[in-house]
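One file, target.pdb, is given below (PDB, C-alpha atoms and all ligand atoms).
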ATOM      1  CA  MET A   1    -192.350  90.855 170.930  1.00  0.00           C
ATOM      2  CA  PRO A   2    -191.256  88.800 167.905  1.00  0.00           C
ATOM      3  CA  ALA A   3    -188.548  90.535 165.899  1.00  0.00           C
ATOM      4  CA  SER A   4    -190.707  90.210 162.810  1.00  0.00           C
ATOM      5  CA  ARG A   5    -193.311  92.560 164.275  1.00  0.00           C
ATOM      6  CA  ARG A   6    -193.098  96.236 163.432  1.00  0.00           C
ATOM      7  CA  ASN A   7    -192.369  98.410 166.369  1.00  0.00           C
ATOM      8  CA  PRO A   8    -194.650 100.143 167.132  1.00  0.00           C
ATOM      9  CA  TYR A   9    -197.065  97.692 165.626  1.00  0.00           C
ATOM     10  CA  HIS A  10    -200.821  98.052 165.367  1.00  0.00           C
ATOM     11  CA  TYR A  11    -203.797  95.763 165.269  1.00  0.00           C
ATOM     12  CA  ILE A  12    -207.445  96.274 164.416  1.00  0.00           C
ATOM     13  CA  ARG A  13    -210.778  94.538 164.892  1.00  0.00           C
ATOM     14  CA  LEU A  14    -214.326  95.405 163.871  1.00  0.00           C
ATOM     15  CA  GLN A  15    -217.084  95.033 166.454  1.00  0.00           C
ATOM     16  CA  THR A  16    -220.828  95.529 166.081  1.00  0.00           C
ATOM     17  CA  ALA A  17    -221.973  98.389 168.303  1.00  0.00           C
ATOM     18  CA  GLU A  18    -224.681  97.683 170.880  1.00  0.00           C
ATOM     19  CA  ASP A  19    -226.646  99.856 173.231  1.00  0.00           C
ATOM     20  CA  LYS A  20    -226.791  99.168 176.970  1.00  0.00           C
ATOM     21  CA  THR A  21    -229.653  96.728 176.518  1.00  0.00           C
ATOM     22  CA  GLY A  22    -227.711  94.663 173.985  1.00  0.00           C
ATOM     23  CA  HIS A  23    -229.553  95.864 170.872  1.00  0.00           C
ATOM     24  CA  GLU A  24    -227.389  96.228 167.793  1.00  0.00           C
ATOM     25  CA  LEU A  25    -226.833  99.755 166.572  1.00  0.00           C
ATOM     26  CA  ASP A  26    -226.484 100.702 162.927  1.00  0.00           C
ATOM     27  CA  TYR A  27    -222.749 101.295 163.027  1.00  0.00           C
ATOM     28  CA  ASP A  28    -219.625  99.304 163.787  1.00  0.00           C
ATOM     29  CA  VAL A  29    -216.869 100.063 166.231  1.00  0.00           C
ATOM     30  CA  LEU A  30    -213.312  99.846 164.972  1.00  0.00           C
ATOM     31  CA  ILE A  31    -211.049  98.689 167.779  1.00  0.00           C
ATOM     32  CA  VAL A  32    -207.466  99.747 167.208  1.00  0.00           C
ATOM     33  CA  GLY A  33    -204.541  98.790 169.411  1.00  0.00           C
ATOM     34  CA  GLY A  34    -200.815  99.273 169.466  1.00  0.00           C
ATOM     35  CA  GLU A  35    -198.130 101.769 170.478  1.00  0.00           C
ATOM     36  CA  ASP A  36    -197.248  99.216 173.153  1.00  0.00           C
ATOM     37  CA  HIS A  37    -194.659  99.807 175.828  1.00  0.00           C
ATOM     38  CA  LYS A  38    -193.350  97.989 178.842  1.00  0.00           C
ATOM     39  CA  THR A  39    -195.352  98.680 181.971  1.00  0.00           C
ATOM     40  CA  GLY A  40    -193.925 101.626 183.864  1.00  0.00           C
ATOM     41  CA  GLN A  41    -191.346 102.388 181.153  1.00  0.00           C
ATOM     42  CA  ALA A  42    -193.069 105.093 179.126  1.00  0.00           C
ATOM     43  CA  VAL A  43    -193.721 108.693 180.047  1.00  0.00           C
ATOM     44  CA  ASP A  44    -195.544 109.582 176.827  1.00  0.00           C
ATOM     45  CA  THR A  45    -198.713 107.569 177.306  1.00  0.00           C
ATOM     46  CA  ASP A  46    -200.990 110.394 176.134  1.00  0.00           C
ATOM     47  CA  GLU A  47    -198.899 110.962 173.025  1.00  0.00           C
ATOM     48  CA  ARG A  48    -199.217 107.265 172.234  1.00  0.00           C
ATOM     49  CA  PHE A  49    -202.995 107.626 172.040  1.00  0.00           C
ATOM     50  CA  VAL A  50    -202.551 110.632 169.759  1.00  0.00           C
ATOM     51  CA  ARG A  51    -200.253 108.638 167.469  1.00  0.00           C
ATOM     52  CA  LEU A  52    -202.664 105.708 167.474  1.00  0.00           C
ATOM     53  CA  GLU A  53    -205.533 107.953 166.410  1.00  0.00           C
ATOM     54  CA  ALA A  54    -203.422 109.573 163.683  1.00  0.00           C
ATOM     55  CA  TRP A  55    -202.405 106.136 162.388  1.00  0.00           C
ATOM     56  CA  THR A  56    -206.061 105.100 162.296  1.00  0.00           C
ATOM     57  CA  ARG A  57    -207.405 108.232 160.598  1.00  0.00           C
ATOM     58  CA  GLU A  58    -204.761 107.985 157.902  1.00  0.00           C
ATOM     59  CA  ARG A  59    -205.932 104.491 157.018  1.00  0.00           C
ATOM     60  CA  PHE A  60    -209.622 104.778 157.872  1.00  0.00           C
ATOM     61  CA  PRO A  61    -210.654 108.342 156.955  1.00  0.00           C
ATOM     62  CA  MET A  62    -214.304 107.337 157.359  1.00  0.00           C
ATOM     63  CA  ALA A  63    -213.789 106.778 161.101  1.00  0.00           C
ATOM     64  CA  GLU A  64    -215.819 109.150 163.233  1.00  0.00           C
ATOM     65  CA  ARG A  65    -215.468 110.059 166.918  1.00  0.00           C
ATOM     66  CA  VAL A  66    -213.336 108.186 169.439  1.00  0.00           C
ATOM     67  CA  GLU A  67    -215.716 106.385 171.808  1.00  0.00           C
ATOM     68  CA  TYR A  68    -213.325 104.830 174.308  1.00  0.00           C
ATOM     69  CA  ARG A  69    -209.624 104.823 175.192  1.00  0.00           C
ATOM     70  CA  TRP A  70    -207.999 102.344 177.496  1.00  0.00           C
ATOM     71  CA  SER A  71    -204.817 100.383 178.016  1.00  0.00           C
ATOM     72  CA  GLY A  72    -204.226  96.933 179.403  1.00  0.00           C
ATOM     73  CA  GLN A  73    -201.394  94.559 180.023  1.00  0.00           C
ATOM     74  CA  VAL A  74    -200.180  91.634 177.989  1.00  0.00           C
ATOM     75  CA  ILE A  75    -197.911  89.122 179.692  1.00  0.00           C
ATOM     76  CA  GLU A  76    -195.251  87.844 177.304  1.00  0.00           C
ATOM     77  CA  PRO A  77    -192.826  85.002 178.098  1.00  0.00           C
ATOM     78  CA  VAL A  78    -189.413  85.428 176.494  1.00  0.00           C
ATOM     79  CA  ASP A  79    -190.122  82.626 174.000  1.00  0.00           C
ATOM     80  CA  TYR A  80    -193.700  83.862 173.389  1.00  0.00           C
ATOM     81  CA  MET A  81    -195.246  80.506 174.358  1.00  0.00           C
ATOM     82  CA  ALA A  82    -197.807  80.450 177.171  1.00  0.00           C
ATOM     83  CA  TYR A  83    -197.072  78.734 180.480  1.00  0.00           C
ATOM     84  CA  ILE A  84    -199.623  75.985 181.020  1.00  0.00           C
ATOM     85  CA  GLY A  85    -199.059  73.245 183.568  1.00  0.00           C
ATOM     86  CA  LYS A  86    -197.864  72.693 187.103  1.00  0.00           C
ATOM     87  CA  ASN A  87    -196.692  75.784 188.962  1.00  0.00           C
ATOM     88  CA  PRO A  88    -192.886  75.497 189.166  1.00  0.00           C
ATOM     89  CA  GLY A  89    -191.683  75.176 192.747  1.00  0.00           C
ATOM     90  CA  GLY A  90    -195.228  75.578 193.980  1.00  0.00           C
ATOM     91  CA  ASP A  91    -197.741  73.426 195.717  1.00  0.00           C
ATOM     92  CA  GLU A  92    -198.346  69.983 194.232  1.00  0.00           C
ATOM     93  CA  HIS A  93    -201.886  70.978 193.394  1.00  0.00           C
ATOM     94  CA  ILE A  94    -201.356  74.405 191.874  1.00  0.00           C
ATOM     95  CA  TRP A  95    -201.754  74.539 188.107  1.00  0.00           C
ATOM     96  CA  ILE A  96    -201.253  77.663 186.055  1.00  0.00           C
ATOM     97  CA  ALA A  97    -202.154  79.081 182.657  1.00  0.00           C
ATOM     98  CA  THR A  98    -200.496  82.417 182.001  1.00  0.00           C
ATOM     99  CA  GLY A  99    -198.176  84.291 179.621  1.00  0.00           C
ATOM    100  CA  ASP A 100    -200.809  84.548 176.927  1.00  0.00           C
ATOM    101  CA  SER A 101    -199.002  87.178 174.828  1.00  0.00           C
ATOM    102  CA  GLY A 102    -202.379  88.645 173.866  1.00  0.00           C
ATOM    103  CA  ASN A 103    -203.824  85.297 172.759  1.00  0.00           C
ATOM    104  CA  GLY A 104    -205.895  84.529 175.818  1.00  0.00           C
ATOM    105  CA  MET A 105    -208.848  82.970 173.992  1.00  0.00           C
ATOM    106  CA  THR A 106    -206.593  80.514 172.178  1.00  0.00           C
ATOM    107  CA  HIS A 107    -204.441  79.729 175.192  1.00  0.00           C
ATOM    108  CA  GLY A 108    -207.489  79.460 177.438  1.00  0.00           C
ATOM    109  CA  THR A 109    -208.839  76.743 175.161  1.00  0.00           C
ATOM    110  CA  ILE A 110    -205.474  74.982 175.015  1.00  0.00           C
ATOM    111  CA  ALA A 111    -205.164  75.218 178.804  1.00  0.00           C
ATOM    112  CA  GLY A 112    -208.593  73.621 179.200  1.00  0.00           C
ATOM    113  CA  ILE A 113    -207.444  70.679 177.097  1.00  0.00           C
ATOM    114  CA  ILE A 114    -203.983  70.199 178.655  1.00  0.00           C
ATOM    115  CA  LEU A 115    -204.836  70.835 182.308  1.00  0.00           C
ATOM    116  CA  ASN A 116    -207.828  68.528 182.149  1.00  0.00           C
ATOM    117  CA  GLU A 117    -205.449  65.681 181.303  1.00  0.00           C
ATOM    118  CA  LEU A 118    -202.657  66.629 183.695  1.00  0.00           C
ATOM    119  CA  VAL A 119    -204.805  67.016 186.814  1.00  0.00           C
ATOM    120  CA  GLN A 120    -206.113  63.535 186.186  1.00  0.00           C
ATOM    121  CA  GLY A 121    -202.564  62.175 186.110  1.00  0.00           C
ATOM    122  CA  ARG A 122    -202.511  61.625 182.377  1.00  0.00           C
ATOM    123  CA  LYS A 123    -200.032  62.907 179.798  1.00  0.00           C
ATOM    124  CA  HIS A 124    -200.746  65.249 176.930  1.00  0.00           C
ATOM    125  CA  GLN A 125    -198.664  65.583 173.780  1.00  0.00           C
ATOM    126  CA  TRP A 126    -198.522  69.412 174.086  1.00  0.00           C
ATOM    127  CA  SER A 127    -197.659  69.582 177.764  1.00  0.00           C
ATOM    128  CA  ARG A 128    -193.875  69.745 177.263  1.00  0.00           C
ATOM    129  CA  LEU A 129    -194.264  72.590 174.799  1.00  0.00           C
ATOM    130  CA  TYR A 130    -196.156  74.701 177.333  1.00  0.00           C
ATOM    131  CA  ASP A 131    -194.417  73.430 180.465  1.00  0.00           C
ATOM    132  CA  PRO A 132    -193.984  76.437 182.850  1.00  0.00           C
ATOM    133  CA  SER A 133    -190.601  75.104 184.002  1.00  0.00           C
ATOM    134  CA  ARG A 134    -189.211  74.718 180.487  1.00  0.00           C
ATOM    135  CA  VAL A 135    -185.815  76.150 179.608  1.00  0.00           C
ATOM    136  CA  ARG A 136    -185.253  76.985 175.965  1.00  0.00           C
ATOM    137  CA  LEU A 137    -181.770  77.836 174.816  1.00  0.00           C
ATOM    138  CA  ARG A 138    -183.170  79.649 171.815  1.00  0.00           C
ATOM    139  CA  ALA A 139    -184.797  82.135 174.173  1.00  0.00           C
ATOM    140  CA  THR A 140    -181.594  82.800 176.135  1.00  0.00           C
ATOM    141  CA  PRO A 141    -180.496  86.048 174.382  1.00  0.00           C
ATOM    142  CA  GLU A 142    -183.961  87.513 174.903  1.00  0.00           C
ATOM    143  CA  PHE A 143    -183.953  86.306 178.502  1.00  0.00           C
ATOM    144  CA  VAL A 144    -180.612  88.012 179.153  1.00  0.00           C
ATOM    145  CA  LYS A 145    -181.812  91.194 177.468  1.00  0.00           C
ATOM    146  CA  GLU A 146    -184.948  91.256 179.605  1.00  0.00           C
ATOM    147  CA  ASN A 147    -182.953  90.793 182.792  1.00  0.00           C
ATOM    148  CA  VAL A 148    -180.593  93.609 181.848  1.00  0.00           C
ATOM    149  CA  ASN A 149    -183.629  95.782 181.246  1.00  0.00           C
ATOM    150  CA  VAL A 150    -185.022  94.909 184.691  1.00  0.00           C
ATOM    151  CA  ALA A 151    -181.655  95.559 186.354  1.00  0.00           C
ATOM    152  CA  GLU A 152    -181.539  98.996 184.737  1.00  0.00           C
ATOM    153  CA  GLN A 153    -184.825  99.943 186.401  1.00  0.00           C
ATOM    154  CA  TYR A 154    -183.224  99.737 189.841  1.00  0.00           C
ATOM    155  CA  LYS A 155    -181.329 102.934 188.998  1.00  0.00           C
ATOM    156  CA  ASP A 156    -184.406 104.757 190.283  1.00  0.00           C
ATOM    157  CA  TRP A 157    -183.111 104.029 193.794  1.00  0.00           C
ATOM    158  CA  PHE A 158    -180.338 106.532 193.151  1.00  0.00           C
ATOM    159  CA  THR A 159    -182.113 109.216 191.203  1.00  0.00           C
ATOM    160  CA  GLY A 160    -183.918 112.214 192.599  1.00  0.00           C
ATOM    161  CA  SER A 161    -187.591 113.110 192.783  1.00  0.00           C
ATOM    162  CA  GLU A 162    -189.877 113.400 189.772  1.00  0.00           C
ATOM    163  CA  THR A 163    -190.899 116.712 191.256  1.00  0.00           C
ATOM    164  CA  GLY A 164    -189.219 118.742 193.937  1.00  0.00           C
ATOM    165  CA  ASP A 165    -192.419 120.337 195.030  1.00  0.00           C
ATOM    166  CA  VAL A 166    -195.456 118.454 196.309  1.00  0.00           C
ATOM    167  CA  ALA A 167    -197.530 121.563 195.685  1.00  0.00           C
ATOM    168  CA  ALA A 168    -196.879 121.069 191.951  1.00  0.00           C
ATOM    169  CA  ILE A 169    -198.867 117.821 191.952  1.00  0.00           C
ATOM    170  CA  LYS A 170    -202.267 118.654 190.492  1.00  0.00           C
ATOM    171  CA  PRO A 171    -205.559 116.992 191.562  1.00  0.00           C
ATOM    172  CA  GLY A 172    -205.802 113.540 189.990  1.00  0.00           C
ATOM    173  CA  GLU A 173    -202.041 113.310 189.523  1.00  0.00           C
ATOM    174  CA  GLY A 174    -199.205 111.552 191.279  1.00  0.00           C
ATOM    175  CA  ALA A 175    -195.430 111.823 191.520  1.00  0.00           C
ATOM    176  CA  VAL A 176    -192.565 110.105 193.290  1.00  0.00           C
ATOM    177  CA  ILE A 177    -190.572 112.266 195.652  1.00  0.00           C
ATOM    178  CA  GLY A 178    -187.494 111.683 197.820  1.00  0.00           C
ATOM    179  CA  ARG A 179    -184.516 109.336 197.424  1.00  0.00           C
ATOM    180  CA  GLY A 180    -183.699 105.625 197.819  1.00  0.00           C
ATOM    181  CA  ARG A 181    -185.738 103.763 200.426  1.00  0.00           C
ATOM    182  CA  GLY A 182    -187.257 107.052 201.412  1.00  0.00           C
ATOM    183  CA  LYS A 183    -188.952 107.510 198.063  1.00  0.00           C
ATOM    184  CA  ILE A 184    -192.603 108.277 198.472  1.00  0.00           C
ATOM    185  CA  ALA A 185    -195.397 107.913 195.935  1.00  0.00           C
ATOM    186  CA  VAL A 186    -197.637 110.916 196.435  1.00  0.00           C
ATOM    187  CA  TYR A 187    -201.105 111.108 194.911  1.00  0.00           C
ATOM    188  CA  ARG A 188    -203.349 114.147 195.122  1.00  0.00           C
ATOM    189  CA  ASP A 189    -207.012 113.169 194.820  1.00  0.00           C
ATOM    190  CA  GLU A 190    -209.664 115.248 193.099  1.00  0.00           C
ATOM    191  CA  ARG A 191    -210.516 116.994 196.376  1.00  0.00           C
ATOM    192  CA  GLY A 192    -206.907 118.080 196.788  1.00  0.00           C
ATOM    193  CA  GLU A 193    -205.991 115.652 199.568  1.00  0.00           C
ATOM    194  CA  LEU A 194    -202.580 114.023 199.476  1.00  0.00           C
ATOM    195  CA  HIS A 195    -202.090 110.269 199.852  1.00  0.00           C
ATOM    196  CA  ARG A 196    -198.545 109.158 200.599  1.00  0.00           C
ATOM    197  CA  LEU A 197    -197.284 105.643 199.998  1.00  0.00           C
ATOM    198  CA  SER A 198    -193.942 103.939 199.972  1.00  0.00           C
ATOM    199  CA  ALA A 199    -192.775 104.035 196.345  1.00  0.00           C
ATOM    200  CA  VAL A 200    -191.013 100.695 196.805  1.00  0.00           C
ATOM    201  CA  CYS A 201    -192.827  97.899 194.940  1.00  0.00           C
ATOM    202  CA  THR A 202    -193.699  95.048 197.283  1.00  0.00           C
ATOM    203  CA  HIS A 203    -192.654  92.412 194.745  1.00  0.00           C
ATOM    204  CA  LEU A 204    -188.878  92.830 194.385  1.00  0.00           C
ATOM    205  CA  TYR A 205    -188.380  96.416 195.509  1.00  0.00           C
ATOM    206  CA  CYS A 206    -188.192  98.475 192.327  1.00  0.00           C
ATOM    207  CA  ILE A 207    -189.455 102.036 192.498  1.00  0.00           C
ATOM    208  CA  VAL A 208    -192.924 102.532 191.032  1.00  0.00           C
ATOM    209  CA  ARG A 209    -193.754 105.304 188.561  1.00  0.00           C
ATOM    210  CA  TRP A 210    -196.945 107.285 188.059  1.00  0.00           C
ATOM    211  CA  ASN A 211    -199.036 106.413 184.996  1.00  0.00           C
ATOM    212  CA  ASP A 212    -200.867 109.595 184.149  1.00  0.00           C
ATOM    213  CA  THR A 213    -203.248 108.018 181.657  1.00  0.00           C
ATOM    214  CA  GLU A 214    -204.473 105.105 183.730  1.00  0.00           C
ATOM    215  CA  ARG A 215    -203.920 106.811 187.088  1.00  0.00           C
ATOM    216  CA  THR A 216    -201.980 103.918 188.522  1.00  0.00           C
ATOM    217  CA  TRP A 217    -198.599 103.365 190.101  1.00  0.00           C
ATOM    218  CA  ASP A 218    -196.732 101.068 187.699  1.00  0.00           C
ATOM    219  CA  CYS A 219    -193.628  99.063 188.437  1.00  0.00           C
ATOM    220  CA  PRO A 220    -191.115  99.092 185.564  1.00  0.00           C
ATOM    221  CA  CYS A 221    -189.441  95.863 186.666  1.00  0.00           C
ATOM    222  CA  HIS A 222    -192.032  93.094 186.338  1.00  0.00           C
ATOM    223  CA  GLY A 223    -195.204  95.026 185.613  1.00  0.00           C
ATOM    224  CA  SER A 224    -197.051  95.177 188.938  1.00  0.00           C
ATOM    225  CA  ARG A 225    -199.630  97.937 189.060  1.00  0.00           C
ATOM    226  CA  PHE A 226    -201.301  99.635 192.006  1.00  0.00           C
ATOM    227  CA  ASP A 227    -204.233 102.022 192.185  1.00  0.00           C
ATOM    228  CA  PRO A 228    -203.604 105.604 193.396  1.00  0.00           C
ATOM    229  CA  TYR A 229    -204.125 104.454 196.990  1.00  0.00           C
ATOM    230  CA  GLY A 230    -201.659 101.559 196.707  1.00  0.00           C
ATOM    231  CA  LYS A 231    -204.062  98.654 196.200  1.00  0.00           C
ATOM    232  CA  VAL A 232    -202.773  95.924 193.864  1.00  0.00           C
ATOM    233  CA  VAL A 233    -204.372  96.109 190.423  1.00  0.00           C
ATOM    234  CA  ASN A 234    -202.005  93.688 188.673  1.00  0.00           C
ATOM    235  CA  GLY A 235    -199.446  91.205 189.948  1.00  0.00           C
ATOM    236  CA  PRO A 236    -196.917  89.768 190.400  1.00  0.00           C
ATOM    237  CA  ALA A 237    -197.066  91.875 193.588  1.00  0.00           C
ATOM    238  CA  ILE A 238    -199.722  90.544 195.938  1.00  0.00           C
ATOM    239  CA  VAL A 239    -199.295  93.158 198.666  1.00  0.00           C
ATOM    240  CA  GLY A 240    -200.222  96.803 198.230  1.00  0.00           C
ATOM    241  CA  LEU A 241    -197.910  99.791 198.640  1.00  0.00           C
ATOM    242  CA  SER A 242    -197.564 100.716 202.299  1.00  0.00           C
ATOM    243  CA  PRO A 243    -199.030 103.975 203.498  1.00  0.00           C
ATOM    244  CA  VAL A 244    -196.283 106.263 204.739  1.00  0.00           C
ATOM    245  CA  SER A 245    -198.420 108.055 207.233  1.00  0.00           C
ATOM    246  CA  GLN A 246    -201.999 107.798 208.281  1.00  0.00           C
ATOM    247  CA  GLY A 247    -202.507 111.375 207.370  1.00  0.00           C
ATOM    248  CA  ARG A 248    -204.171 112.647 204.301  1.00  0.00           C
ATOM    249  CA  LYS A 249    -202.749 116.065 204.549  1.00  0.00           C
ATOM    250  CA  LYS A 250    -203.942 118.992 202.548  1.00  0.00           C
ATOM    251  CA  GLU A 251    -201.051 121.084 201.182  1.00  0.00           C
TER     252      GLU A 251
HETATM  253 FE1  LIG B   1    -192.207  95.485 191.065  1.00  0.00          FE
HETATM  254 FE2  LIG B   1    -191.269  93.089 190.482  1.00  0.00          FE
HETATM  255  S1  LIG B   1    -190.303  94.657 191.589  1.00  0.00           S
HETATM  256  S2  LIG B   1    -193.120  93.965 189.896  1.00  0.00           S
END
Rewritten as structure tokens:
Amino acid sequence: MPASRRNPYHYIRLQTAEDKTGHELDYDVLIVGGEDHKTGQAVDTDERFVRLEAWTRERFPMAERVEYRWSGQVIEPVDYMAYIGKNPGGDEHIWIATGDSGNGMTHGTIAGIILNELVQGRKHQWSRLYDPSRVRLRATPEFVKENVNVAEQYKDWFTGSETGDVAAIKPGEGAVIGRGRGKIAVYRDERGELHRLSAVCTHLYCIVRWNDTERTWDCPCHGSRFDPYGKVVNGPAIVGLSPVSQGRKKE
């Protein structure tokens, strides 16, 4: 996040409301975002929604009910420029466009222009700027800071359980129990059945954490997310969390 941005910062957009058939309704929807946090590194996700609503009502007292709440992920390179070009160290024919920092429409258009030239063996004047294998000295302090932050997340290998008692996990909730490699991500579904997974992220082996708002297992290291049953929702992990036992025990 650029240092010039307020933290937490907020952003708004006005959208015409439509019904399910696409007919315009006679009111607008105010879309408000912010209260961002690193994936897997916040335990107060519900409070963040409360703060976001309070911020909005203070500035837009005419706002009525809250229609929807959701959260998503924004991928931000340390120098805030997207990665558009040949996949570093990858196959000769793999081209990428990622790291949009929330500007996917703009970067998608830029990627269409640059990649069209590159795949045809031509050069483009912007390609060096967005080169995925670029190294920018200016970004080094931020890069170091990010890596320290990631390293800190591995402390979860040595800490204890989020809850000592599986019975305390309510339907629709999850918690990590155990220690080290033996840490288990336990989810209790709405019917009360327990689903046990290895809590070790399949990307680079950080310990995942339960996201109570989105009902996902989130990795605090590089942002992988898994659904309550371990299926990958967001990379970089491409393999799901391993089931610890076949059982879906009721406790
Ligand atoms: Fe989990 Fe990298 S270790 S995303």
Listed atoms of ligand LIG 1 (chain B), axis-aligned box, 8 Å per side: centre and edge lengths to one decimal in Å, as lines of an AutoDock Vina configuration file?
center_x = -191.7
center_y = 94.3
center_z = 190.7
size_x = 18.8
size_y = 18.4
size_z = 17.7
At a cut-off of 10 Å around ligand LIG 1 (chain B), and using all atoms listed in the file, what residues come up? Please write them as a ChimeraX atom specification. /A:39-40,150,153-154,200-208,218-225,234-238
Going by the chain IDs and residue numbers used in this file, which residues fall under the PyMOL selection byres (((chain A and resi 171-173) around 7) and not hetatm)? Write them as a ChimeraX atom specification. /A:169-170,174,187-192,212
Residues of the last selection are to be written out with C-alpha atoms, as an mmCIF file, in the coordinates of the input.
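File produced: part_22.cif:
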data_model
loop_
_atom_site.group_PDB
_atom_site.id
_atom_site.type_symbol
_atom_site.label_atom_id
_atom_site.label_comp_id
_atom_site.auth_asym_id
_atom_site.auth_seq_id
_atom_site.Cartn_x
_atom_site.Cartn_y
_atom_site.Cartn_z
ATOM 1 C CA ILE A 169 -198.867 117.821 191.952
ATOM 2 C CA LYS A 170 -202.267 118.654 190.492
ATOM 3 C CA GLY A 174 -199.205 111.552 191.279
ATOM 4 C CA TYR A 187 -201.105 111.108 194.911
ATOM 5 C CA ARG A 188 -203.349 114.147 195.122
ATOM 6 C CA ASP A 189 -207.012 113.169 194.820
ATOM 7 C CA GLU A 190 -209.664 115.248 193.099
ATOM 8 C CA ARG A 191 -210.516 116.994 196.376
ATOM 9 C CA GLY A 192 -206.907 118.080 196.788
ATOM 10 C CA ASP A 212 -200.867 109.595 184.149
#
Decode the PyMOL selection byres (((chain A and resi 66-70) around 8) and not hetatm) for the given file into explicit residues and return them as a PyMOL selection string. chain A and resi 49+64-65+71-72+214
So the first atom is atom CA of Ala167 of chain A and the second is atom CA of Val186 of chain A; what is the distance between them in Å, to one decimal place?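 Separation between atom CA of Ala167 of chain A and atom CA of Val186 of chain A: 10.7 Å.
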On this structure, the PyMOL selection byres (((chain A and resi 116-121) around 10) and not hetatm) would catch which residues? List them as a list of chain:residue names, sorted by chain and number.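 Applying the expression gives A:Gly85, A:Lys86, A:His93, A:Ile94, A:Trp95, A:Ile110, A:Ala111, A:Gly112, A:Ile113, A:Ile114, A:Leu115, A:Arg122, A:Lys123, A:His124, A:Ser127.
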Close residues, segment 99-108 of chain A itself excluded, 6 Å, all atoms listed in the file, min 6 positions apart in chain, as a list in words: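 These residues fall inside the cut-off: Val74, Ile75, Glu76, Pro77, Ala82 and Tyr83 of chain A.
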Writing out the chosen residues with C-alpha atoms as a PDB file, in the frame of the given file:
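Dumped everything to selection-v9.pdb:
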ATOM      1  CA  VAL A  74    -200.180  91.634 177.989  1.00  0.00           C
ATOM      2  CA  ILE A  75    -197.911  89.122 179.692  1.00  0.00           C
ATOM      3  CA  GLU A  76    -195.251  87.844 177.304  1.00  0.00           C
ATOM      4  CA  PRO A  77    -192.826  85.002 178.098  1.00  0.00           C
ATOM      5  CA  ALA A  82    -197.807  80.450 177.171  1.00  0.00           C
ATOM      6  CA  TYR A  83    -197.072  78.734 180.480  1.00  0.00           C
TER       7      TYR A  83
END
What lies within 9 Å of Gly230 of chain A using only C-alpha atoms, ignoring chain neighbours under 3 positions off, as a PyMOL selection string? chain A and resi 185+197-198+216-217+225-227+233+239-243
Write the residues you've just listed into a file as a PDB file, in the frame of the given file, and include C-alpha atoms for each of them.
ATOM      1  CA  ALA A 185    -195.397 107.913 195.935  1.00  0.00           C
ATOM      2  CA  LEU A 197    -197.284 105.643 199.998  1.00  0.00           C
ATOM      3  CA  SER A 198    -193.942 103.939 199.972  1.00  0.00           C
ATOM      4  CA  THR A 216    -201.980 103.918 188.522  1.00  0.00           C
ATOM      5  CA  TRP A 217    -198.599 103.365 190.101  1.00  0.00           C
ATOM      6  CA  ARG A 225    -199.630  97.937 189.060  1.00  0.00           C
ATOM      7  CA  PHE A 226    -201.301  99.635 192.006  1.00  0.00           C
ATOM      8  CA  ASP A 227    -204.233 102.022 192.185  1.00  0.00           C
ATOM      9  CA  VAL A 233    -204.372  96.109 190.423  1.00  0.00           C
ATOM     10  CA  VAL A 239    -199.295  93.158 198.666  1.00  0.00           C
ATOM     11  CA  GLY A 240    -200.222  96.803 198.230  1.00  0.00           C
ATOM     12  CA  LEU A 241    -197.910  99.791 198.640  1.00  0.00           C
ATOM     13  CA  SER A 242    -197.564 100.716 202.299  1.00  0.00           C
ATOM     14  CA  PRO A 243    -199.030 103.975 203.498  1.00  0.00           C
TER      15      PRO A 243
END
Take atom CA of Tyr80 of chain A and atom CA of Arg48 of chain A and report the distance between them in Å, one decimal.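 Computing it gives 24.1 Å between the two atoms.
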